[in-house]
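**Student:** Contents of run_10.tsv (TSV, C-alpha atoms) are below:
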```tsv
chain	number	residue	atom	x	y	z
A	22	MET	CA	12.31	18.88	-45.21
A	23	THR	CA	13.44	17.36	-41.98
A	24	ASP	CA	13.01	13.80	-40.87
A	25	ALA	CA	9.37	12.94	-41.50
A	26	THR	CA	9.15	11.05	-38.26
A	27	GLN	CA	10.31	13.99	-36.22
A	28	ASN	CA	6.83	15.04	-35.27
A	29	ILE	CA	5.99	11.78	-33.60
A	30	GLY	CA	6.59	12.68	-29.98
A	31	THR	CA	5.52	11.05	-26.78
A	32	THR	CA	1.80	10.86	-27.23
A	33	SER	CA	-0.82	9.19	-25.10
A	34	GLY	CA	-0.85	5.49	-25.68
A	35	GLU	CA	2.85	5.39	-26.42
A	36	GLY	CA	4.26	5.60	-22.92
A	37	GLN	CA	7.29	3.61	-21.88
A	38	PHE	CA	7.11	0.68	-19.51
A	39	GLY	CA	8.32	2.92	-16.71
A	40	ASP	CA	5.37	5.28	-17.25
A	41	TYR	CA	2.90	2.48	-16.65
A	42	TRP	CA	4.94	1.38	-13.64
A	43	ALA	CA	4.74	4.95	-12.27
A	44	LEU	CA	0.93	4.73	-12.48
A	45	LEU	CA	1.07	2.13	-9.71
A	46	LYS	CA	2.71	4.60	-7.27
A	47	PRO	CA	5.78	2.44	-6.52
A	48	ARG	CA	6.66	4.35	-3.34
A	49	VAL	CA	3.22	3.71	-1.88
A	50	MET	CA	3.52	0.07	-3.00
A	51	SER	CA	6.79	-0.29	-1.11
A	52	LEU	CA	4.99	0.82	2.07
A	53	VAL	CA	2.19	-1.63	1.32
A	54	VAL	CA	4.69	-4.46	0.81
A	55	PHE	CA	6.40	-3.66	4.09
A	56	THR	CA	3.30	-3.31	6.28
A	57	ALA	CA	1.58	-6.33	4.69
A	58	ALA	CA	4.73	-8.43	5.18
A	59	VAL	CA	4.82	-7.48	8.85
A	60	GLY	CA	1.12	-8.41	9.12
A	61	VAL	CA	1.87	-11.86	7.69
A	62	PHE	CA	4.98	-12.41	9.78
A	63	VAL	CA	3.68	-11.34	13.20
A	64	ALA	CA	0.54	-13.49	12.87
A	65	PRO	CA	0.48	-16.60	15.06
A	66	VAL	CA	-0.06	-18.93	12.08
A	67	SER	CA	2.89	-19.74	9.83
A	68	VAL	CA	2.49	-19.48	6.07
A	69	HIS	CA	4.53	-21.26	3.41
A	70	PRO	CA	7.23	-18.73	2.39
A	71	PHE	CA	6.27	-18.88	-1.30
A	72	VAL	CA	2.57	-18.39	-0.55
A	73	ALA	CA	3.47	-15.48	1.75
A	74	MET	CA	5.68	-13.89	-0.91
A	75	VAL	CA	3.07	-14.27	-3.66
A	76	SER	CA	0.30	-12.97	-1.38
A	77	ILE	CA	2.32	-9.87	-0.47
A	78	LEU	CA	3.06	-9.33	-4.17
A	79	PHE	CA	-0.64	-9.35	-5.04
A	80	ILE	CA	-1.55	-7.15	-2.08
A	81	ALA	CA	1.00	-4.67	-3.45
A	82	LEU	CA	-0.43	-5.07	-6.95
A	83	GLY	CA	-3.89	-4.30	-5.56
A	84	GLY	CA	-2.43	-1.16	-3.97
A	85	GLY	CA	-0.87	-0.29	-7.34
A	86	ALA	CA	-4.21	-0.83	-9.09
A	87	SER	CA	-5.93	1.64	-6.78
A	88	GLY	CA	-3.06	4.07	-7.47
A	89	ALA	CA	-3.73	3.80	-11.22
A	90	LEU	CA	-7.46	4.38	-10.67
A	91	ASN	CA	-6.59	7.40	-8.51
A	92	MET	CA	-4.37	8.82	-11.26
A	93	TRP	CA	-7.11	8.27	-13.85
A	94	TYR	CA	-9.73	10.15	-11.83
A	95	ASP	CA	-7.46	12.87	-10.48
A	96	HIS	CA	-5.58	13.76	-13.66
A	97	ASP	CA	-7.37	17.12	-13.87
A	98	ILE	CA	-6.13	18.30	-10.47
A	99	ASP	CA	-2.78	16.50	-10.82
A	100	THR	CA	-2.05	18.84	-13.72
A	101	ILE	CA	-2.49	21.85	-11.45
A	102	MET	CA	-0.44	20.64	-8.48
A	103	LYS	CA	3.33	21.02	-8.76
A	104	ARG	CA	3.91	17.84	-6.76
A	105	THR	CA	1.85	15.71	-9.16
A	106	ALA	CA	2.22	17.51	-12.51
A	107	ASN	CA	4.88	15.04	-13.68
A	108	ARG	CA	2.71	11.98	-13.16
A	109	PRO	CA	2.26	9.94	-16.37
A	110	VAL	CA	-1.32	11.05	-17.13
A	111	PRO	CA	-0.97	14.84	-16.60
A	112	ALA	CA	2.42	14.68	-18.35
A	113	GLY	CA	0.66	13.23	-21.43
A	114	LYS	CA	2.63	9.99	-21.42
A	115	VAL	CA	-0.34	7.74	-20.67
A	116	ALA	CA	-3.96	8.37	-21.70
A	117	PRO	CA	-6.51	8.57	-18.85
A	118	GLY	CA	-8.47	5.68	-20.37
A	119	GLU	CA	-5.36	3.50	-20.29
A	120	ALA	CA	-4.86	4.25	-16.60
A	121	LEU	CA	-8.48	3.26	-15.95
A	122	THR	CA	-8.19	0.02	-17.91
A	123	LEU	CA	-4.92	-0.89	-16.24
A	124	GLY	CA	-6.37	-0.12	-12.80
A	125	LEU	CA	-9.48	-2.21	-13.35
A	126	TRP	CA	-7.62	-5.21	-14.76
A	127	LEU	CA	-4.96	-5.16	-12.05
A	128	SER	CA	-7.70	-4.91	-9.41
A	129	PHE	CA	-9.36	-8.02	-10.81
A	130	ILE	CA	-6.08	-9.95	-11.16
A	131	SER	CA	-4.76	-9.00	-7.71
A	132	VAL	CA	-7.98	-9.88	-5.84
A	133	THR	CA	-8.49	-13.16	-7.73
A	134	MET	CA	-4.88	-14.25	-7.33
A	135	LEU	CA	-4.78	-13.32	-3.64
A	136	GLY	CA	-7.93	-15.38	-3.09
A	137	LEU	CA	-6.43	-18.37	-4.90
A	138	ALA	CA	-3.03	-18.03	-3.26
A	139	SER	CA	-4.21	-17.52	0.32
A	140	ASN	CA	-7.88	-17.19	1.22
A	141	TRP	CA	-11.01	-15.24	0.28
A	142	VAL	CA	-11.18	-13.24	3.52
A	143	ALA	CA	-7.85	-11.60	2.62
A	144	ALA	CA	-9.01	-11.17	-0.99
A	145	GLY	CA	-12.29	-9.63	0.20
A	146	ILE	CA	-10.48	-7.07	2.36
A	147	LEU	CA	-8.17	-6.26	-0.57
A	148	ALA	CA	-11.19	-5.72	-2.86
A	149	PHE	CA	-12.75	-3.45	-0.25
A	150	THR	CA	-9.46	-1.54	0.11
A	151	ILE	CA	-9.28	-0.87	-3.64
A	152	PHE	CA	-12.93	0.22	-3.65
A	153	PHE	CA	-12.39	2.43	-0.60
A	154	TYR	CA	-9.34	4.18	-2.06
A	155	ALA	CA	-10.63	4.57	-5.61
A	156	VAL	CA	-14.28	5.36	-4.95
A	157	VAL	CA	-14.76	6.48	-1.34
A	158	TYR	CA	-11.53	8.49	-1.03
A	159	THR	CA	-10.61	9.58	-4.58
A	160	MET	CA	-14.05	10.14	-6.12
A	161	TRP	CA	-16.00	11.21	-3.08
A	162	LEU	CA	-14.13	12.42	0.00
A	163	LYS	CA	-11.00	14.01	-1.46
A	164	ARG	CA	-12.78	16.93	-3.14
A	165	TRP	CA	-15.63	17.19	-0.71
A	166	THR	CA	-14.48	17.29	2.91
A	167	PRO	CA	-11.41	18.38	4.88
A	168	GLN	CA	-11.75	15.03	6.63
A	169	ASN	CA	-10.60	13.41	3.35
A	170	ILE	CA	-7.25	12.36	4.75
A	171	VAL	CA	-8.74	11.05	8.00
A	172	ILE	CA	-11.30	8.71	6.45
A	173	GLY	CA	-9.31	8.02	3.29
A	174	GLY	CA	-6.38	6.97	5.45
A	175	ALA	CA	-8.23	3.71	6.07
A	176	ALA	CA	-7.24	2.56	2.59
A	177	GLY	CA	-3.56	2.74	3.50
A	178	ALA	CA	-4.22	1.09	6.85
A	179	PHE	CA	-5.70	-2.13	5.48
A	180	PRO	CA	-2.53	-3.84	4.10
A	181	PRO	CA	-1.22	-5.11	7.49
A	182	MET	CA	-4.74	-6.36	8.22
A	183	ILE	CA	-4.79	-8.16	4.86
A	184	GLY	CA	-1.37	-9.65	5.66
A	185	TRP	CA	-2.73	-10.92	8.97
A	186	ALA	CA	-5.77	-12.38	7.18
A	187	VAL	CA	-3.46	-14.16	4.71
A	188	ALA	CA	-1.95	-16.04	7.65
A	189	THR	CA	-4.95	-16.53	9.91
A	190	GLY	CA	-7.91	-16.36	7.52
A	191	GLY	CA	-9.64	-13.80	9.73
A	192	VAL	CA	-9.60	-10.56	11.68
A	193	SER	CA	-8.59	-10.16	15.33
A	194	VAL	CA	-7.85	-7.46	17.89
A	195	GLU	CA	-4.17	-7.50	16.87
A	196	SER	CA	-4.92	-6.89	13.21
A	197	VAL	CA	-7.37	-4.13	14.15
A	198	LEU	CA	-4.58	-2.49	16.18
A	199	LEU	CA	-2.22	-2.75	13.21
A	200	PHE	CA	-4.92	-1.05	11.17
A	201	CYS	CA	-5.34	1.67	13.83
A	202	LEU	CA	-1.61	2.30	13.93
A	203	VAL	CA	-1.54	3.33	10.27
A	204	PHE	CA	-5.01	4.90	10.33
A	205	MET	CA	-4.25	7.30	13.19
A	206	TRP	CA	-0.76	8.00	11.86
A	207	THR	CA	-2.03	9.14	8.44
A	208	PRO	CA	-3.60	12.53	9.40
A	209	PRO	CA	-0.50	13.92	11.19
A	210	HIS	CA	1.67	12.62	8.35
A	211	PHE	CA	-0.35	14.23	5.54
A	212	TRP	CA	-1.24	17.40	7.39
A	213	ALA	CA	2.46	18.01	8.11
A	214	LEU	CA	2.97	17.74	4.34
A	215	ALA	CA	-0.01	20.01	3.68
A	216	LEU	CA	1.47	22.70	5.95
A	217	PHE	CA	4.35	23.28	3.56
A	218	MET	CA	2.56	22.26	0.31
A	219	ASN	CA	-0.52	24.36	1.01
A	220	ASN	CA	-0.40	26.32	-2.25
A	221	ASP	CA	-0.73	23.15	-4.30
A	222	TYR	CA	-3.96	22.13	-2.60
A	223	THR	CA	-5.34	25.68	-2.65
A	224	ASN	CA	-4.71	26.01	-6.40
A	225	ALA	CA	-6.30	22.63	-7.12
A	226	GLY	CA	-9.31	23.36	-4.93
A	227	VAL	CA	-8.75	20.28	-2.77
A	228	PRO	CA	-10.34	21.00	0.63
A	229	MET	CA	-7.40	20.02	2.77
A	230	LEU	CA	-7.67	21.10	6.40
A	231	THR	CA	-5.00	23.74	5.79
A	232	VAL	CA	-7.20	25.24	3.05
A	233	THR	CA	-10.57	25.10	4.82
A	234	HIS	CA	-9.62	25.71	8.47
A	235	GLY	CA	-6.18	27.30	8.23
A	236	LYS	CA	-2.76	26.23	9.39
A	237	ARG	CA	-3.35	27.05	13.06
A	238	GLU	CA	-6.22	24.55	13.27
A	239	THR	CA	-4.23	21.99	11.26
A	240	ARG	CA	-1.36	22.21	13.75
A	241	LYS	CA	-3.80	21.57	16.60
A	242	GLN	CA	-5.34	18.59	14.81
A	243	ILE	CA	-1.88	17.10	14.18
A	244	PHE	CA	-1.28	17.19	17.93
A	245	ILE	CA	-4.70	15.68	18.73
A	246	TYR	CA	-4.17	12.75	16.36
A	247	ALA	CA	-0.62	12.20	17.64
A	248	VAL	CA	-2.00	12.00	21.19
A	249	LEU	CA	-4.81	9.63	20.14
A	250	LEU	CA	-2.35	7.44	18.27
A	251	ALA	CA	-0.02	6.95	21.24
A	252	PRO	CA	-2.26	4.73	23.46
A	253	LEU	CA	-3.24	2.57	20.48
A	254	ALA	CA	0.37	2.10	19.43
A	255	ILE	CA	1.56	1.44	22.97
A	256	GLY	CA	-1.51	-0.73	23.68
A	257	ALA	CA	-0.46	-3.14	20.92
A	258	ALA	CA	2.51	-4.05	23.14
A	259	PHE	CA	0.12	-5.81	25.52
A	260	THR	CA	-1.42	-8.08	22.89
A	261	SER	CA	-0.05	-11.31	21.42
A	262	ILE	CA	2.10	-9.38	18.91
A	263	GLY	CA	3.71	-7.21	21.60
A	264	GLY	CA	6.50	-7.60	24.11
A	265	TRP	CA	9.23	-5.60	25.79
A	266	ILE	CA	11.11	-4.88	22.53
A	267	TYR	CA	8.05	-3.35	20.90
A	268	LEU	CA	6.97	-1.62	24.11
A	269	THR	CA	10.35	0.11	24.44
A	270	ALA	CA	10.31	1.21	20.81
A	271	ALA	CA	6.66	2.37	21.00
A	272	LEU	CA	7.30	4.45	24.13
A	273	VAL	CA	10.29	6.22	22.59
A	274	LEU	CA	8.74	6.70	19.13
A	275	ASN	CA	5.39	7.96	20.43
A	276	ALA	CA	6.96	10.30	22.99
A	277	LYS	CA	8.93	11.92	20.18
A	278	PHE	CA	5.91	11.95	17.84
A	279	VAL	CA	3.69	13.68	20.42
A	280	TRP	CA	6.45	16.09	21.49
A	281	GLY	CA	7.09	17.03	17.85
A	282	ALA	CA	3.36	17.62	17.32
A	283	TRP	CA	3.22	19.78	20.46
A	284	LYS	CA	6.09	21.91	19.14
A	285	LEU	CA	4.41	22.24	15.73
A	286	TRP	CA	1.17	23.34	17.40
A	287	HIS	CA	2.93	26.10	19.33
A	288	ARG	CA	5.05	27.25	16.43
A	289	ASP	CA	4.51	30.73	15.14
A	290	GLU	CA	3.40	30.86	11.48
A	291	ALA	CA	5.75	33.76	10.74
A	292	ALA	CA	8.68	31.77	12.11
A	293	ALA	CA	7.65	28.78	9.98
A	294	GLU	CA	7.54	30.91	6.84
A	295	ALA	CA	10.88	32.53	7.72
A	296	ASP	CA	12.73	29.20	7.80
A	297	ILE	CA	10.68	27.71	4.91
A	298	TYR	CA	8.82	25.26	7.16
A	299	LYS	CA	11.97	23.55	8.36
A	300	ASP	CA	10.32	21.99	11.44
A	301	GLU	CA	7.23	20.90	9.49
A	302	LYS	CA	9.41	19.17	6.91
A	303	ALA	CA	11.41	17.53	9.69
A	304	TYR	CA	8.18	16.33	11.35
A	305	PHE	CA	6.95	14.93	8.02
A	306	ARG	CA	10.21	13.01	7.62
A	307	TYR	CA	10.04	11.81	11.20
A	308	SER	CA	6.49	10.52	10.64
A	309	LEU	CA	7.93	8.17	8.00
A	310	VAL	CA	10.66	7.06	10.40
A	311	TYR	CA	7.99	6.57	13.09
A	312	LEU	CA	5.88	4.18	11.01
A	313	PHE	CA	8.83	2.28	9.61
A	314	SER	CA	10.41	1.89	13.06
A	315	SER	CA	7.13	0.83	14.70
A	316	PHE	CA	6.64	-1.97	12.19
A	317	CYS	CA	10.33	-2.92	12.40
A	318	ALA	CA	9.93	-3.21	16.18
A	319	LEU	CA	6.92	-5.50	15.71
A	320	LEU	CA	8.94	-7.59	13.27
A	321	LEU	CA	11.88	-7.79	15.67
A	322	GLN	CA	9.54	-8.75	18.48
A	323	ALA	CA	8.05	-11.55	16.37
A	324	VAL	CA	11.52	-12.83	15.46
A	325	TRP	CA	12.46	-12.72	19.15
A	326	VAL	CA	9.36	-14.69	20.18
A	327	LYS	CA	9.65	-17.19	17.33
A	328	ALA	CA	13.26	-17.79	18.36
A	329	GLY	CA	11.83	-18.99	21.66
A	330	MET	CA	12.93	-16.01	23.77
A	331	GLY	CA	9.43	-15.13	25.02
A	332	ALA	CA	7.52	-11.88	24.78
A	333	TRP	CA	8.26	-10.61	28.28
B	20	MET	CA	16.42	11.45	-47.59
B	21	ALA	CA	16.87	8.07	-45.97
B	22	LEU	CA	13.87	6.87	-44.08
B	23	LYS	CA	14.76	5.88	-40.54
B	24	VAL	CA	13.70	2.30	-39.94
B	25	GLU	CA	14.40	2.30	-36.21
B	26	HIS	CA	12.62	5.25	-34.66
B	27	GLU	CA	12.63	6.20	-31.01
B	28	LEU	CA	8.98	5.17	-31.01
B	29	HIS	CA	9.98	1.60	-31.91
B	30	LYS	CA	12.49	1.52	-29.08
B	31	ARG	CA	9.76	2.64	-26.68
B	32	ARG	CA	7.41	-0.04	-27.95
B	33	PHE	CA	10.13	-2.67	-27.74
B	34	GLY	CA	10.85	-1.74	-24.13
B	35	ARG	CA	7.16	-1.90	-23.29
B	36	ASN	CA	6.66	-5.23	-25.04
B	37	LEU	CA	9.73	-6.67	-23.36
B	38	GLY	CA	8.41	-5.54	-19.98
B	39	VAL	CA	4.98	-7.08	-20.59
B	40	GLY	CA	6.63	-10.29	-21.84
B	41	LEU	CA	8.77	-10.59	-18.72
B	42	LEU	CA	5.74	-9.92	-16.52
B	43	LEU	CA	3.80	-12.68	-18.26
B	44	VAL	CA	6.70	-15.11	-17.79
B	45	GLY	CA	6.81	-14.10	-14.12
B	46	PHE	CA	3.06	-14.65	-13.79
B	47	VAL	CA	3.32	-18.14	-15.28
B	48	ALA	CA	6.18	-18.92	-12.87
B	49	ILE	CA	4.07	-17.72	-9.92
B	50	VAL	CA	1.06	-19.83	-10.93
B	51	PHE	CA	3.30	-22.86	-11.44
B	52	GLY	CA	5.04	-22.30	-8.10
B	53	LEU	CA	1.71	-21.90	-6.32
B	54	THR	CA	0.43	-25.11	-7.91
B	55	VAL	CA	3.49	-27.02	-6.71
B	56	VAL	CA	3.19	-25.64	-3.16
B	57	LYS	CA	-0.56	-26.27	-2.95
B	58	VAL	CA	-0.23	-29.84	-4.24
B	59	GLN	CA	2.65	-30.58	-1.85
B	60	ASN	CA	0.70	-29.20	1.10
B	61	THR	CA	-2.49	-31.05	0.26
B	62	GLY	CA	-3.07	-34.07	2.47
B	63	PHE	CA	-3.23	-37.71	1.46
B	64	VAL	CA	-4.76	-38.15	-1.99
B	65	GLU	CA	-6.16	-41.48	-3.20
B	66	GLY	CA	-6.79	-42.49	-6.81
B	67	TYR	CA	-10.38	-43.56	-7.58
B	68	ASP	CA	-9.95	-45.58	-10.72
B	69	HIS	CA	-10.43	-49.34	-10.49
B	70	VAL	CA	-8.60	-49.84	-7.23
B	71	ALA	CA	-9.80	-50.74	-3.78
B	72	ARG	CA	-9.80	-47.72	-1.43
B	73	PRO	CA	-8.83	-48.93	2.04
B	74	ALA	CA	-10.07	-45.72	3.59
B	75	LEU	CA	-13.63	-46.50	2.52
B	76	ILE	CA	-13.73	-49.99	3.98
B	77	PRO	CA	-15.36	-49.97	7.44
B	78	GLU	CA	-12.99	-51.12	10.16
B	79	ASN	CA	-15.07	-54.14	11.23
B	80	GLU	CA	-15.10	-55.38	7.63
B	81	GLY	CA	-11.52	-54.52	6.87
B	82	GLY	CA	-10.11	-56.88	9.44
B	83	ASN	CA	-8.18	-54.39	11.57
```
Here is the file; what I need is its structure written in the form of structure tokens.
**Tutor:**
Amino acid sequence: MTDATQNIGTTSGEGQFGDYWALLKPRVMSLVVFTAAVGVFVAPVSVHPFVAMVSILFIALGGGASGALNMWYDHDIDTIMKRTANRPVPAGKVAPGEALTLGLWLSFISVTMLGLASNWVAAGILAFTIFFYAVVYTMWLKRWTPQNIVIGGAAGAFPPMIGWAVATGGVSVESVLLFCLVFMWTPPHFWALALFMNNDYTNAGVPMLTVTHGKRETRKQIFIYAVLLAPLAIGAAFTSIGGWIYLTAALVLNAKFVWGAWKLWHRDEAAAEADIYKDEKAYFRYSLVYLFSSFCALLLQAVWVKAGMGAW
Amino acid sequence: MALKVEHELHKRRFGRNLGVGLLLVGFVAIVFGLTVVKVQNTGFVEGYDHVARPALIPENEGGN
């Protein structure tokens, strides 16, 4: 007989700490932390550094909670998709019920603590964000309409708005523009990914635009959204959060984003398959650079203005 | 056959418990820090118990 304990493998309910951490989608949380921090910092009202730090932490935790709820609900299709098959629930490291419990508790803790740390407007928007991502996007839109990414993208667009609300206690045209920046950026970003991950979505029966309308239409839609994004992103330069630093960055970044989308639209599918979607992958990577750089430019602009240099 | 006391399962549980413990300590530190910041940023606070409160005395009665 071999070691009697040998058969005790990694079963549900016995995941490591890292498995529970992975449920919170740390990479998405890092984006939430960054965009929310920019929202707090560019706002015209200063916040105590500790309150700002704690608020950003709980905004990120709220984002993580919605990630856990997403993994609970989507574990059936996550098993099918290559990209998500190693997530803790489909991999059998964490039971679906545990993911649900963790998601619900973290939602409650993050919203309550954000309300106590900053204000209840910010907490209310965070609660709505979690609801929107977990219920509206994950449970409803994702498996129902090819517009899933478009409408669901709102969930990822709220963090800078929440950051702004932490500082100001409200919503303004600037925070709406910050929201629009991420909201309009999301479709080109995800559809570029869908162009070269199409098989995953097809196998899982997720009605991504590439599945329902084909890659040709998806390429066109990427271009349309890139064009619609540009005036919103550049327009933010002429509000209280803008200035010549941000304007310069927005002009360069958006010109490249639109030009890249134009090239993707006019790219032959056979050529894309021949080079294993090299340009599509490059555009997907650039979309990340685009968002990061846009928010960095806003941050730099705010530092510049707060140092007394003036916006223009 | 010797029975293994320390199984891989125990190590996993220890790691998980340690992580939860550290998170709880962090949470307490955050609540404490927030309390300190909120109290420091609160305006002038007067005690109510058995002392005269100058702020409640009307100006024409208070002499100034």
**Student:** Between CA of Lys30 in chain B and CA of Pro47 in chain A, what is the distance, to one decimal in Å?
**Tutor:**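 That distance, rounded to one decimal, is 23.6 Å.
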**Student:** With all atoms listed in the file considered, list every residue of chain B at most 9 Å from chain A, as JSON, numbers by chain.
**Tutor:** {"B": [20, 21, 22, 23, 26, 27, 28, 31, 32, 34, 35, 36, 37, 38, 39, 49, 50, 52, 53, 56, 57]}
**Student:** Find, counting only C-alpha atoms, the residue in A:Ala143, A:Val53, A:Val232, A:Ala178 that gets nearest to Gly191 in chain A.
**Tutor:**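 Among A:Ala143, A:Val53, A:Val232, A:Ala178, it is A:Ala143 that comes nearest to Gly191 in chain A.
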**Student:** Pick from A:Phe217, A:Tyr267, A:Phe179, A:Phe313: nearest to Asp300 in chain A, with only C-alpha atoms counted?
**Tutor:**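 Ranked by minimum distance to Asp300 in chain A, first place goes to A:Phe217.
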**Student:** Find the residues near Val171 in chain A: any atom within 10 Å, counting all atoms listed in the file, skip ones fewer than 2 places away on the same chain, and give them as a CSV table (one decimal) with C-alpha atoms, in the coordinates of the input.
**Tutor:**
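Below is the file selection-v6.csv, written as the result:
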```csv
chain,number,residue,atom,x,y,z
A,158,TYR,CA,-11.5,8.5,-1.0
A,162,LEU,CA,-14.1,12.4,0.0
A,166,THR,CA,-14.5,17.3,2.9
A,167,PRO,CA,-11.4,18.4,4.9
A,168,GLN,CA,-11.8,15.0,6.6
A,169,ASN,CA,-10.6,13.4,3.4
A,173,GLY,CA,-9.3,8.0,3.3
A,174,GLY,CA,-6.4,7.0,5.4
A,175,ALA,CA,-8.2,3.7,6.1
A,204,PHE,CA,-5.0,4.9,10.3
A,205,MET,CA,-4.2,7.3,13.2
A,206,TRP,CA,-0.8,8.0,11.9
A,207,THR,CA,-2.0,9.1,8.4
A,208,PRO,CA,-3.6,12.5,9.4
A,209,PRO,CA,-0.5,13.9,11.2
A,211,PHE,CA,-0.4,14.2,5.5
A,212,TRP,CA,-1.2,17.4,7.4
A,246,TYR,CA,-4.2,12.8,16.4
```
**Student:** Calculate how many Å separate CA of Thr54 in chain B from CA of Ser131 in chain A, rounding to one decimal.
**Tutor:**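 CA of Thr54 in chain B sits 16.9 Å away from CA of Ser131 in chain A.
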